[in-house]
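Data block below; observations after.
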Amino acid sequence: MDASFQPDRFGFLHIDLNSFFASVEQQLHPEYRGKPTAVTATMADTGTVIAASYEAKAFGVKTGTKVGEAKRLCPEIALVNGNHTTYSKYSHEIAGAVERVCPVSHTPSIDEMVCQLMGREQEPPRARQIALAIKHAIRDDVGEALRCSIGMAPNRYLAKIASDMQKPDGLIGLLPSQLPRAIAHLELRDLPGVGARTEVRLKGKGIHTMAQLLALDRTGMHALWDSVWGDRLYHWLRGGQTGDDGAPVASDLQKSLGHSHVLGPEHRTQEGAWAVAHKLLHKAAMRLRMEHFHTSSLAVTLKFALTREEAARASKLKHHTSGIKHSAWAMEARFRPCQDTLTLLDALKGIWRERPNETEHQRPFFVGVTMRNLLPDAEVPKLLFEEPGNRNELSATMDKLNLKFGHSTVHFAGMLPARDSAPTRIAFTQIPVQYGVEYM
């Protein structure tokens, strides 16, 4: 796997859409172009910025910055409520533009795409022409405000690293003959898969810099991670491939599916929380059927805002990202595999009856509904007798109508007070899928 034995070619292009959500807003609103722009899911000072334009980043506004702090750092900033459906459509349009130049082989997230190069496409001059053509296709086919950084490398892992090395509108190539010295100046956190916790663990083992990491041989890398991941990383960083071309290690079958929502002020009551939980279950149950799964477990999480006095008495105080001091409660119900909404709703009602109801639990501000122990439809044991009331047929009929007219067109009455709440969240790692007329 030594880079010196590899031809100087690029196997992959990694396309990273720069400040994607903010760039989409600047494309839709020419008046925002060239000006600090930030996207948020909650238009309140306690809300969080989920995307910032490069003009906003110059003022210190970034993903995770509180809206109030963003306004303090940049009083002229344009704040926009994010729209999942709009970003999903743009993501698909951009993929189409890229496909016009080179087939997309992988889509790691809503703002990333990977192209695998074949034959003479791998020659550096040709690979560079393809990368530039992709940039032009996105600009010409989708919008002039949309820019991307492209990394070219022998494997997917290095291509991802290269795409982050020059932003915005960058184009960086890492050839085998340049490795690993070409990445020796990076920080440990610049490596995909190395987050804050992993960095702390590496430093605890004496690895503080990229140079120290690269100095390890394969045996040392294996020992550092105590897994085959270390062996893979050793080869990837030197331009080698390991059969998965730098792709994230594949997990087993999907284990859970669900939705969560921070309640708006109008729903921060027991009744409001129930209506939102009902809405979340409605969405999750529909996704369950669309993705051809059954579930045998439903978990509900509730978080309750605490007054200053209640917080002072709390034995286990937690802090939400919004800064709200709160307590949390969760419960899980198990049942035979199912996928119809009515059966799942019965389970939700059973859990809801067990929720805490003391004085300090009267201000719920967060609800999460998660289905676990997912089982593909084909692996579900057949029942000797059909379920009472033909619940599956009822759910299937509701799905047909909701797919045609909108996901909340037909629903059970319990979610009516929250019918327009808990919209589909902005997707980062999840690739949005269009079911009927809406994305989910």
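Chain labels run A, B, ... following the order of the structure tokens; each chain numbers its residues from 1, and ligands are numbered from 1 in the order shown.
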
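The neighbours of region 302-310 of chain A here are the residues that come within 8 Å of it, using only C-alpha atoms and leaving out any residue fewer than 2 positions away in the same chain; they are A:Val300, A:Ala312, A:Arg313, A:Ala314, A:Ile324, A:Lys325, A:His326, A:Ser327, A:Ala328, A:Trp329, A:Ala330, A:Glu360, A:His361, A:Gln362, A:Arg363, A:Pro364, A:Phe365, A:Phe366, A:Val367, A:Gly368.
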
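Counting only C-alpha atoms, region 212-218 of chain A has the following residues at most 10 Å away, ignoring those fewer than 6 positions along the same chain: Pro180, Arg181, Ile183, Ala184, Leu188, Leu202, Gly206, Leu224, Gly230, Asp231, Arg232, Leu233, Tyr234, His235, Leu237 and Arg238 of chain A.
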
Output N, CA, C and O atoms for every residue in the selection just made, as a PDB file, in the first residue's frame.
ATOM      1  N   PRO A 180       2.405  10.955   2.713  1.00  0.00           N
ATOM      2  CA  PRO A 180       1.418  11.701   3.510  1.00  0.00           C
ATOM      3  C   PRO A 180       1.817  13.131   3.832  1.00  0.00           C
ATOM      4  O   PRO A 180       1.135  13.822   4.573  1.00  0.00           O
ATOM      5  N   ARG A 181       2.963  13.611   3.267  1.00  0.00           N
ATOM      6  CA  ARG A 181       3.457  14.930   3.675  1.00  0.00           C
ATOM      7  C   ARG A 181       2.461  16.054   3.366  1.00  0.00           C
ATOM      8  O   ARG A 181       2.445  17.086   4.048  1.00  0.00           O
ATOM      9  N   ILE A 183      -0.566  16.266   3.921  1.00  0.00           N
ATOM     10  CA  ILE A 183      -1.591  16.474   4.958  1.00  0.00           C
ATOM     11  C   ILE A 183      -0.976  16.586   6.352  1.00  0.00           C
ATOM     12  O   ILE A 183      -1.702  16.648   7.346  1.00  0.00           O
ATOM     13  N   ALA A 184       0.340  16.628   6.433  1.00  0.00           N
ATOM     14  CA  ALA A 184       1.003  16.659   7.740  1.00  0.00           C
ATOM     15  C   ALA A 184       0.716  17.937   8.520  1.00  0.00           C
ATOM     16  O   ALA A 184       0.836  17.959   9.746  1.00  0.00           O
ATOM     17  N   LEU A 188      -5.670  17.210  13.919  1.00  0.00           N
ATOM     18  CA  LEU A 188      -6.299  15.900  14.086  1.00  0.00           C
ATOM     19  C   LEU A 188      -7.797  15.963  13.800  1.00  0.00           C
ATOM     20  O   LEU A 188      -8.373  15.051  13.210  1.00  0.00           O
ATOM     21  N   LEU A 202      -7.064  10.365  21.695  1.00  0.00           N
ATOM     22  CA  LEU A 202      -5.768  10.299  21.017  1.00  0.00           C
ATOM     23  C   LEU A 202      -4.697  11.040  21.808  1.00  0.00           C
ATOM     24  O   LEU A 202      -3.572  10.556  21.964  1.00  0.00           O
ATOM     25  N   GLY A 206      -0.930  10.110  23.782  1.00  0.00           N
ATOM     26  CA  GLY A 206       0.313  10.755  23.360  1.00  0.00           C
ATOM     27  C   GLY A 206       0.338  11.263  21.937  1.00  0.00           C
ATOM     28  O   GLY A 206       1.375  11.719  21.456  1.00  0.00           O
ATOM     29  N   LEU A 224      -3.452   1.981  18.317  1.00  0.00           N
ATOM     30  CA  LEU A 224      -4.002   3.272  18.737  1.00  0.00           C
ATOM     31  C   LEU A 224      -5.519   3.230  18.753  1.00  0.00           C
ATOM     32  O   LEU A 224      -6.164   3.738  19.671  1.00  0.00           O
ATOM     33  N   GLY A 230      -7.902   1.405  12.581  1.00  0.00           N
ATOM     34  CA  GLY A 230      -6.540   1.929  12.554  1.00  0.00           C
ATOM     35  C   GLY A 230      -5.774   1.449  11.337  1.00  0.00           C
ATOM     36  O   GLY A 230      -5.027   2.215  10.716  1.00  0.00           O
ATOM     37  N   ASP A 231      -5.946   0.173  10.956  1.00  0.00           N
ATOM     38  CA  ASP A 231      -5.290  -0.364   9.768  1.00  0.00           C
ATOM     39  C   ASP A 231      -5.790   0.354   8.511  1.00  0.00           C
ATOM     40  O   ASP A 231      -4.999   0.732   7.630  1.00  0.00           O
ATOM     41  N   ARG A 232      -7.105   0.534   8.431  1.00  0.00           N
ATOM     42  CA  ARG A 232      -7.676   1.220   7.275  1.00  0.00           C
ATOM     43  C   ARG A 232      -7.140   2.642   7.170  1.00  0.00           C
ATOM     44  O   ARG A 232      -6.736   3.096   6.090  1.00  0.00           O
ATOM     45  N   LEU A 233      -7.150   3.342   8.304  1.00  0.00           N
ATOM     46  CA  LEU A 233      -6.716   4.732   8.299  1.00  0.00           C
ATOM     47  C   LEU A 233      -5.247   4.844   7.879  1.00  0.00           C
ATOM     48  O   LEU A 233      -4.868   5.778   7.157  1.00  0.00           O
ATOM     49  N   TYR A 234      -4.434   3.906   8.322  1.00  0.00           N
ATOM     50  CA  TYR A 234      -3.016   3.911   7.946  1.00  0.00           C
ATOM     51  C   TYR A 234      -2.894   3.896   6.417  1.00  0.00           C
ATOM     52  O   TYR A 234      -2.123   4.675   5.839  1.00  0.00           O
ATOM     53  N   HIS A 235      -3.643   3.049   5.745  1.00  0.00           N
ATOM     54  CA  HIS A 235      -3.567   2.947   4.293  1.00  0.00           C
ATOM     55  C   HIS A 235      -4.218   4.149   3.607  1.00  0.00           C
ATOM     56  O   HIS A 235      -3.672   4.689   2.642  1.00  0.00           O
ATOM     57  N   LEU A 237      -4.534   7.257   4.560  1.00  0.00           N
ATOM     58  CA  LEU A 237      -3.748   8.484   4.662  1.00  0.00           C
ATOM     59  C   LEU A 237      -2.524   8.453   3.755  1.00  0.00           C
ATOM     60  O   LEU A 237      -1.902   9.490   3.505  1.00  0.00           O
ATOM     61  N   ARG A 238      -2.188   7.297   3.241  1.00  0.00           N
ATOM     62  CA  ARG A 238      -1.055   7.161   2.322  1.00  0.00           C
ATOM     63  C   ARG A 238      -1.514   6.923   0.885  1.00  0.00           C
ATOM     64  O   ARG A 238      -0.721   6.574   0.017  1.00  0.00           O
TER      65      ARG A 238
END

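Among the candidates A:Ala38, A:Leu186, A:Ile130, A:Ala162, the one nearest to Thr65 (chain A) when counting only C-alpha atoms is A:Ala38.
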
Practice item. Could you tell me which of A:Leu73, A:Ile134, A:Ala333, A:Val61 comes closest to Gly96 (chain A) if we count only C-alpha atoms? Key: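 Comparing A:Leu73, A:Ile134, A:Ala333, A:Val61 against Gly96 (chain A), the winner is A:Ile134.
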
Review point. If you measure from CA of Val114 (chain A) to CA of Leu171 (chain A), what distance in Å do you get, rounded to one decimal?
Key: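 Separation between CA of Val114 (chain A) and CA of Leu171 (chain A): 14.1 Å.
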
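Distance check against Thr242 (chain A) using only C-alpha atoms: of A:Leu174, A:Phe10, A:Thr107, A:Pro154, the minimum falls on A:Pro154.
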
Point to revise | Residue neighbourhood Val39 (chain A), 8 Å, only C-alpha atoms, exclusion window fewer than 3 positions, as a ChimeraX atom specification | key: /A:21-22,49-52,79-82

Review point. Skipping near chain neighbours, those fewer than 2 positions away, what residues fall within 12 Å of Leu191 (chain A) using only C-alpha atoms, listed as number ranges by chain?
Key: A: 157-165, 183-189, 193-196, 198-199, 209-210, 213, 233, 236-237, 246

Could you dump the residues just selected with N, CA, C and O atoms as a CSV table (one decimal), in the first residue's frame?
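The new file out28.csv reads:
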chain,number,residue,atom,x,y,z
A,157,TYR,N,-11.7,8.7,1.4
A,157,TYR,CA,-11.4,9.4,2.6
A,157,TYR,C,-10.5,10.6,2.4
A,157,TYR,O,-10.8,11.7,2.9
A,158,LEU,N,-9.5,10.5,1.6
A,158,LEU,CA,-8.6,11.6,1.3
A,158,LEU,C,-9.4,12.7,0.4
A,158,LEU,O,-9.1,13.9,0.6
A,159,ALA,N,-10.3,12.2,-0.4
A,159,ALA,CA,-11.0,13.2,-1.2
A,159,ALA,C,-11.9,14.1,-0.3
A,159,ALA,O,-12.0,15.3,-0.6
A,160,LYS,N,-12.5,13.5,0.7
A,160,LYS,CA,-13.2,14.2,1.7
A,160,LYS,C,-12.3,15.3,2.4
A,160,LYS,O,-12.7,16.4,2.5
A,161,ILE,N,-11.1,14.8,2.8
A,161,ILE,CA,-10.2,15.7,3.5
A,161,ILE,C,-9.8,16.9,2.5
A,161,ILE,O,-9.8,18.0,2.9
A,162,ALA,N,-9.5,16.6,1.3
A,162,ALA,CA,-9.1,17.6,0.3
A,162,ALA,C,-10.2,18.6,0.1
A,162,ALA,O,-9.9,19.8,-0.1
A,163,SER,N,-11.5,18.2,0.1
A,163,SER,CA,-12.6,19.1,-0.2
A,163,SER,C,-12.7,20.1,0.9
A,163,SER,O,-13.3,21.2,0.7
A,164,ASP,N,-12.2,19.8,2.1
A,164,ASP,CA,-12.3,20.8,3.2
A,164,ASP,C,-11.0,21.7,3.3
A,164,ASP,O,-11.0,22.6,4.2
A,165,MET,N,-10.0,21.5,2.5
A,165,MET,CA,-8.8,22.2,2.6
A,165,MET,C,-8.8,23.6,2.0
A,165,MET,O,-7.9,24.4,2.3
A,183,ILE,N,-0.6,16.3,3.9
A,183,ILE,CA,-1.6,16.5,5.0
A,183,ILE,C,-1.0,16.6,6.4
A,183,ILE,O,-1.7,16.6,7.3
A,184,ALA,N,0.3,16.6,6.4
A,184,ALA,CA,1.0,16.7,7.7
A,184,ALA,C,0.7,17.9,8.5
A,184,ALA,O,0.8,18.0,9.7
A,185,HIS,N,0.3,19.0,7.8
A,185,HIS,CA,0.1,20.3,8.5
A,185,HIS,C,-1.3,20.4,9.1
A,185,HIS,O,-1.7,21.4,9.8
A,186,LEU,N,-2.2,19.4,8.8
A,186,LEU,CA,-3.6,19.5,9.3
A,186,LEU,C,-3.7,19.2,10.8
A,186,LEU,O,-2.8,18.7,11.4
A,187,GLU,N,-4.8,19.6,11.3
A,187,GLU,CA,-5.1,19.2,12.7
A,187,GLU,C,-5.8,17.8,12.8
A,187,GLU,O,-6.4,17.4,11.8
A,188,LEU,N,-5.7,17.2,13.9
A,188,LEU,CA,-6.3,15.9,14.1
A,188,LEU,C,-7.8,16.0,13.8
A,188,LEU,O,-8.4,15.1,13.2
A,189,ARG,N,-8.4,17.1,14.2
A,189,ARG,CA,-9.9,17.2,14.0
A,189,ARG,C,-10.2,17.4,12.5
A,189,ARG,O,-11.4,17.3,12.2
A,193,GLY,N,-14.2,11.5,11.0
A,193,GLY,CA,-14.3,10.5,12.1
A,193,GLY,C,-13.6,10.8,13.4
A,193,GLY,O,-13.8,10.1,14.4
A,194,VAL,N,-12.8,11.9,13.4
A,194,VAL,CA,-12.1,12.3,14.6
A,194,VAL,C,-12.8,13.6,15.1
A,194,VAL,O,-12.6,14.7,14.7
A,195,GLY,N,-13.7,13.4,16.1
A,195,GLY,CA,-14.4,14.4,16.8
A,195,GLY,C,-13.7,14.8,18.1
A,195,GLY,O,-12.6,14.4,18.4
A,196,ALA,N,-14.4,15.6,18.9
A,196,ALA,CA,-13.9,16.1,20.1
A,196,ALA,C,-13.5,14.9,21.1
A,196,ALA,O,-12.4,14.9,21.7
A,198,THR,N,-12.8,11.7,20.3
A,198,THR,CA,-11.7,10.9,19.8
A,198,THR,C,-10.4,11.7,19.9
A,198,THR,O,-9.4,11.1,20.2
A,199,GLU,N,-10.5,13.0,19.7
A,199,GLU,CA,-9.2,13.8,19.9
A,199,GLU,C,-8.7,13.7,21.3
A,199,GLU,O,-7.5,13.6,21.5
A,209,THR,N,-0.5,15.7,17.4
A,209,THR,CA,-0.4,16.3,16.1
A,209,THR,C,-0.6,15.3,15.0
A,209,THR,O,-0.4,14.1,15.2
A,210,MET,N,-0.8,15.8,13.8
A,210,MET,CA,-0.9,14.9,12.7
A,210,MET,C,0.4,14.3,12.4
A,210,MET,O,0.5,13.1,12.0
A,213,LEU,N,0.8,11.3,14.4
A,213,LEU,CA,-0.1,10.2,13.9
A,213,LEU,C,0.5,9.5,12.7
A,213,LEU,O,0.5,8.3,12.6
A,233,LEU,N,-7.2,3.3,8.3
A,233,LEU,CA,-6.7,4.7,8.3
A,233,LEU,C,-5.2,4.8,7.9
A,233,LEU,O,-4.9,5.8,7.2
A,236,TRP,N,-5.4,4.6,4.1
A,236,TRP,CA,-6.1,5.7,3.5
A,236,TRP,C,-5.2,7.0,3.4
A,236,TRP,O,-5.1,7.7,2.4
A,237,LEU,N,-4.5,7.3,4.6
A,237,LEU,CA,-3.7,8.5,4.7
A,237,LEU,C,-2.5,8.5,3.8
A,237,LEU,O,-1.9,9.5,3.5
A,246,GLY,N,-12.5,4.2,1.5
A,246,GLY,CA,-12.6,5.3,2.4
A,246,GLY,C,-14.0,5.6,2.9
A,246,GLY,O,-14.3,6.6,3.5

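If you look at CA of Ala347 (chain A) and CA of Phe335 (chain A), they are 8.2 Å away from each other.
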
Do you know which residues are at most 8 Å from Leu374 (chain A) counting only C-alpha atoms, after dropping those on the same chain fewer than 4 positions away, and could you put them as a PDB file with N, CA and C atoms, in the first residue's frame?
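Below is the file part-v8.pdb, written as the result:
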ATOM      1  N   GLN A 254     -30.521  -0.973   9.744  1.00  0.00           N
ATOM      2  CA  GLN A 254     -31.023   0.181  10.483  1.00  0.00           C
ATOM      3  C   GLN A 254     -31.761  -0.277  11.737  1.00  0.00           C
ATOM      4  N   LYS A 255     -31.435   0.354  12.872  1.00  0.00           N
ATOM      5  CA  LYS A 255     -31.962  -0.106  14.151  1.00  0.00           C
ATOM      6  C   LYS A 255     -33.109   0.752  14.684  1.00  0.00           C
ATOM      7  N   SER A 256     -33.220   2.005  14.223  1.00  0.00           N
ATOM      8  CA  SER A 256     -34.260   2.872  14.780  1.00  0.00           C
ATOM      9  C   SER A 256     -34.716   3.891  13.748  1.00  0.00           C
ATOM     10  N   PHE A 293     -40.481  -1.358   6.882  1.00  0.00           N
ATOM     11  CA  PHE A 293     -40.087  -1.926   8.159  1.00  0.00           C
ATOM     12  C   PHE A 293     -41.313  -2.161   9.036  1.00  0.00           C
ATOM     13  N   HIS A 294     -41.154  -3.055  10.000  1.00  0.00           N
ATOM     14  CA  HIS A 294     -42.035  -3.189  11.154  1.00  0.00           C
ATOM     15  C   HIS A 294     -41.204  -2.825  12.380  1.00  0.00           C
ATOM     16  N   THR A 295     -41.871  -2.492  13.468  1.00  0.00           N
ATOM     17  CA  THR A 295     -41.174  -2.199  14.710  1.00  0.00           C
ATOM     18  C   THR A 295     -41.818  -2.974  15.847  1.00  0.00           C
ATOM     19  N   SER A 296     -41.016  -3.270  16.868  1.00  0.00           N
ATOM     20  CA  SER A 296     -41.570  -3.945  18.049  1.00  0.00           C
ATOM     21  C   SER A 296     -41.262  -3.174  19.325  1.00  0.00           C
TER      22      SER A 296
END

Practice item. Please provide as number ranges by chain all residues within 12 Å of region 100-102 of chain A, with the sequence filter that same-chain residues fewer than 6 positions apart are discarded (counting only C-alpha atoms). Key: A: 12-15, 93-94, 113-118, 121, 126-127, 129-138, 140-141

Can you spit out the residues from that selection as a JSON list (two decimals), in the first residue's frame, using C-alpha atoms?
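New file result31.json:
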[["chain", "number", "residue", "atom", "x", "y", "z"],
["A", 12, "PHE", "CA", -12.48, 10.02, -6.49],
["A", 13, "LEU", "CA", -13.90, 13.52, -6.49],
["A", 14, "HIS", "CA", -15.63, 14.70, -3.29],
["A", 15, "ILE", "CA", -18.02, 17.60, -3.87],
["A", 93, "GLU", "CA", -31.19, 19.49, -8.77],
["A", 94, "ILE", "CA", -27.47, 19.81, -8.01],
["A", 113, "MET", "CA", -21.62, 14.02, -3.38],
["A", 114, "VAL", "CA", -18.88, 11.66, -4.53],
["A", 115, "CYS", "CA", -17.90, 10.73, -8.08],
["A", 116, "GLN", "CA", -15.71, 7.73, -8.81],
["A", 117, "LEU", "CA", -13.34, 8.25, -11.72],
["A", 118, "MET", "CA", -12.65, 5.52, -14.24],
["A", 121, "GLU", "CA", -10.63, 10.19, -16.08],
["A", 126, "ARG", "CA", -8.58, 15.13, -17.00],
["A", 127, "ALA", "CA", -9.80, 14.88, -13.40],
["A", 129, "GLN", "CA", -11.29, 19.30, -16.17],
["A", 130, "ILE", "CA", -14.13, 17.17, -14.78],
["A", 131, "ALA", "CA", -14.05, 19.02, -11.45],
["A", 132, "LEU", "CA", -14.18, 22.41, -13.17],
["A", 133, "ALA", "CA", -17.00, 21.20, -15.43],
["A", 134, "ILE", "CA", -18.97, 20.15, -12.32],
["A", 135, "LYS", "CA", -18.56, 23.63, -10.85],
["A", 136, "HIS", "CA", -19.79, 25.21, -14.09],
["A", 137, "ALA", "CA", -22.73, 22.78, -14.34],
["A", 138, "ILE", "CA", -23.91, 23.63, -10.83],
["A", 140, "ASP", "CA", -25.30, 27.17, -14.98],
["A", 141, "ASP", "CA", -28.00, 24.57, -14.27]]

Practice item. Taking the DSSP assignment computed from this structure's backbone, write out as a PyMOL selection string all residues of region 279-368 of chain A that belong to helix (DSSP H, G or I). Key: chain A and resi 279-290+308-313+341-353+359-361

Practice item. Pick out the closest residue to Met331 (chain A) from this set: A:Val98, A:Leu345, A:Ile351, A:Leu375. Count only C-alpha atoms. Key: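 So, comparing all the options, the nearest one is A:Ile351.
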
Review point. Pick from A:Glu358, A:Glu332, A:Asp340, A:Asp226: nearest to Leu281 (chain A), with only C-alpha atoms counted?
Key: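 For Leu281 (chain A), the nearest of the candidates is A:Asp340.
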
Distance query Asp8 (chain A) at most 7 Å, only C-alpha atoms, self and fewer than 5 positions along chain excluded, as a PDB file with N, CA and C atoms, in the first residue's frame:
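Output contents, as saved in result_11.pdb:
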ATOM      1  N   LEU A 175      -2.205  13.761  -4.544  1.00  0.00           N
ATOM      2  CA  LEU A 175      -1.669  12.649  -5.321  1.00  0.00           C
ATOM      3  C   LEU A 175      -0.869  11.704  -4.434  1.00  0.00           C
ATOM      4  N   PRO A 176      -0.815  10.422  -4.769  1.00  0.00           N
ATOM      5  CA  PRO A 176      -0.052   9.461  -3.968  1.00  0.00           C
ATOM      6  C   PRO A 176       1.387   9.888  -3.710  1.00  0.00           C
ATOM      7  N   SER A 177       2.040  10.502  -4.727  1.00  0.00           N
ATOM      8  CA  SER A 177       3.437  10.895  -4.556  1.00  0.00           C
ATOM      9  C   SER A 177       3.610  12.031  -3.549  1.00  0.00           C
TER      10      SER A 177
END

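Atom pair CA of Leu263 (chain A) / CA of Arg72 (chain A): separated by 25.2 Å.
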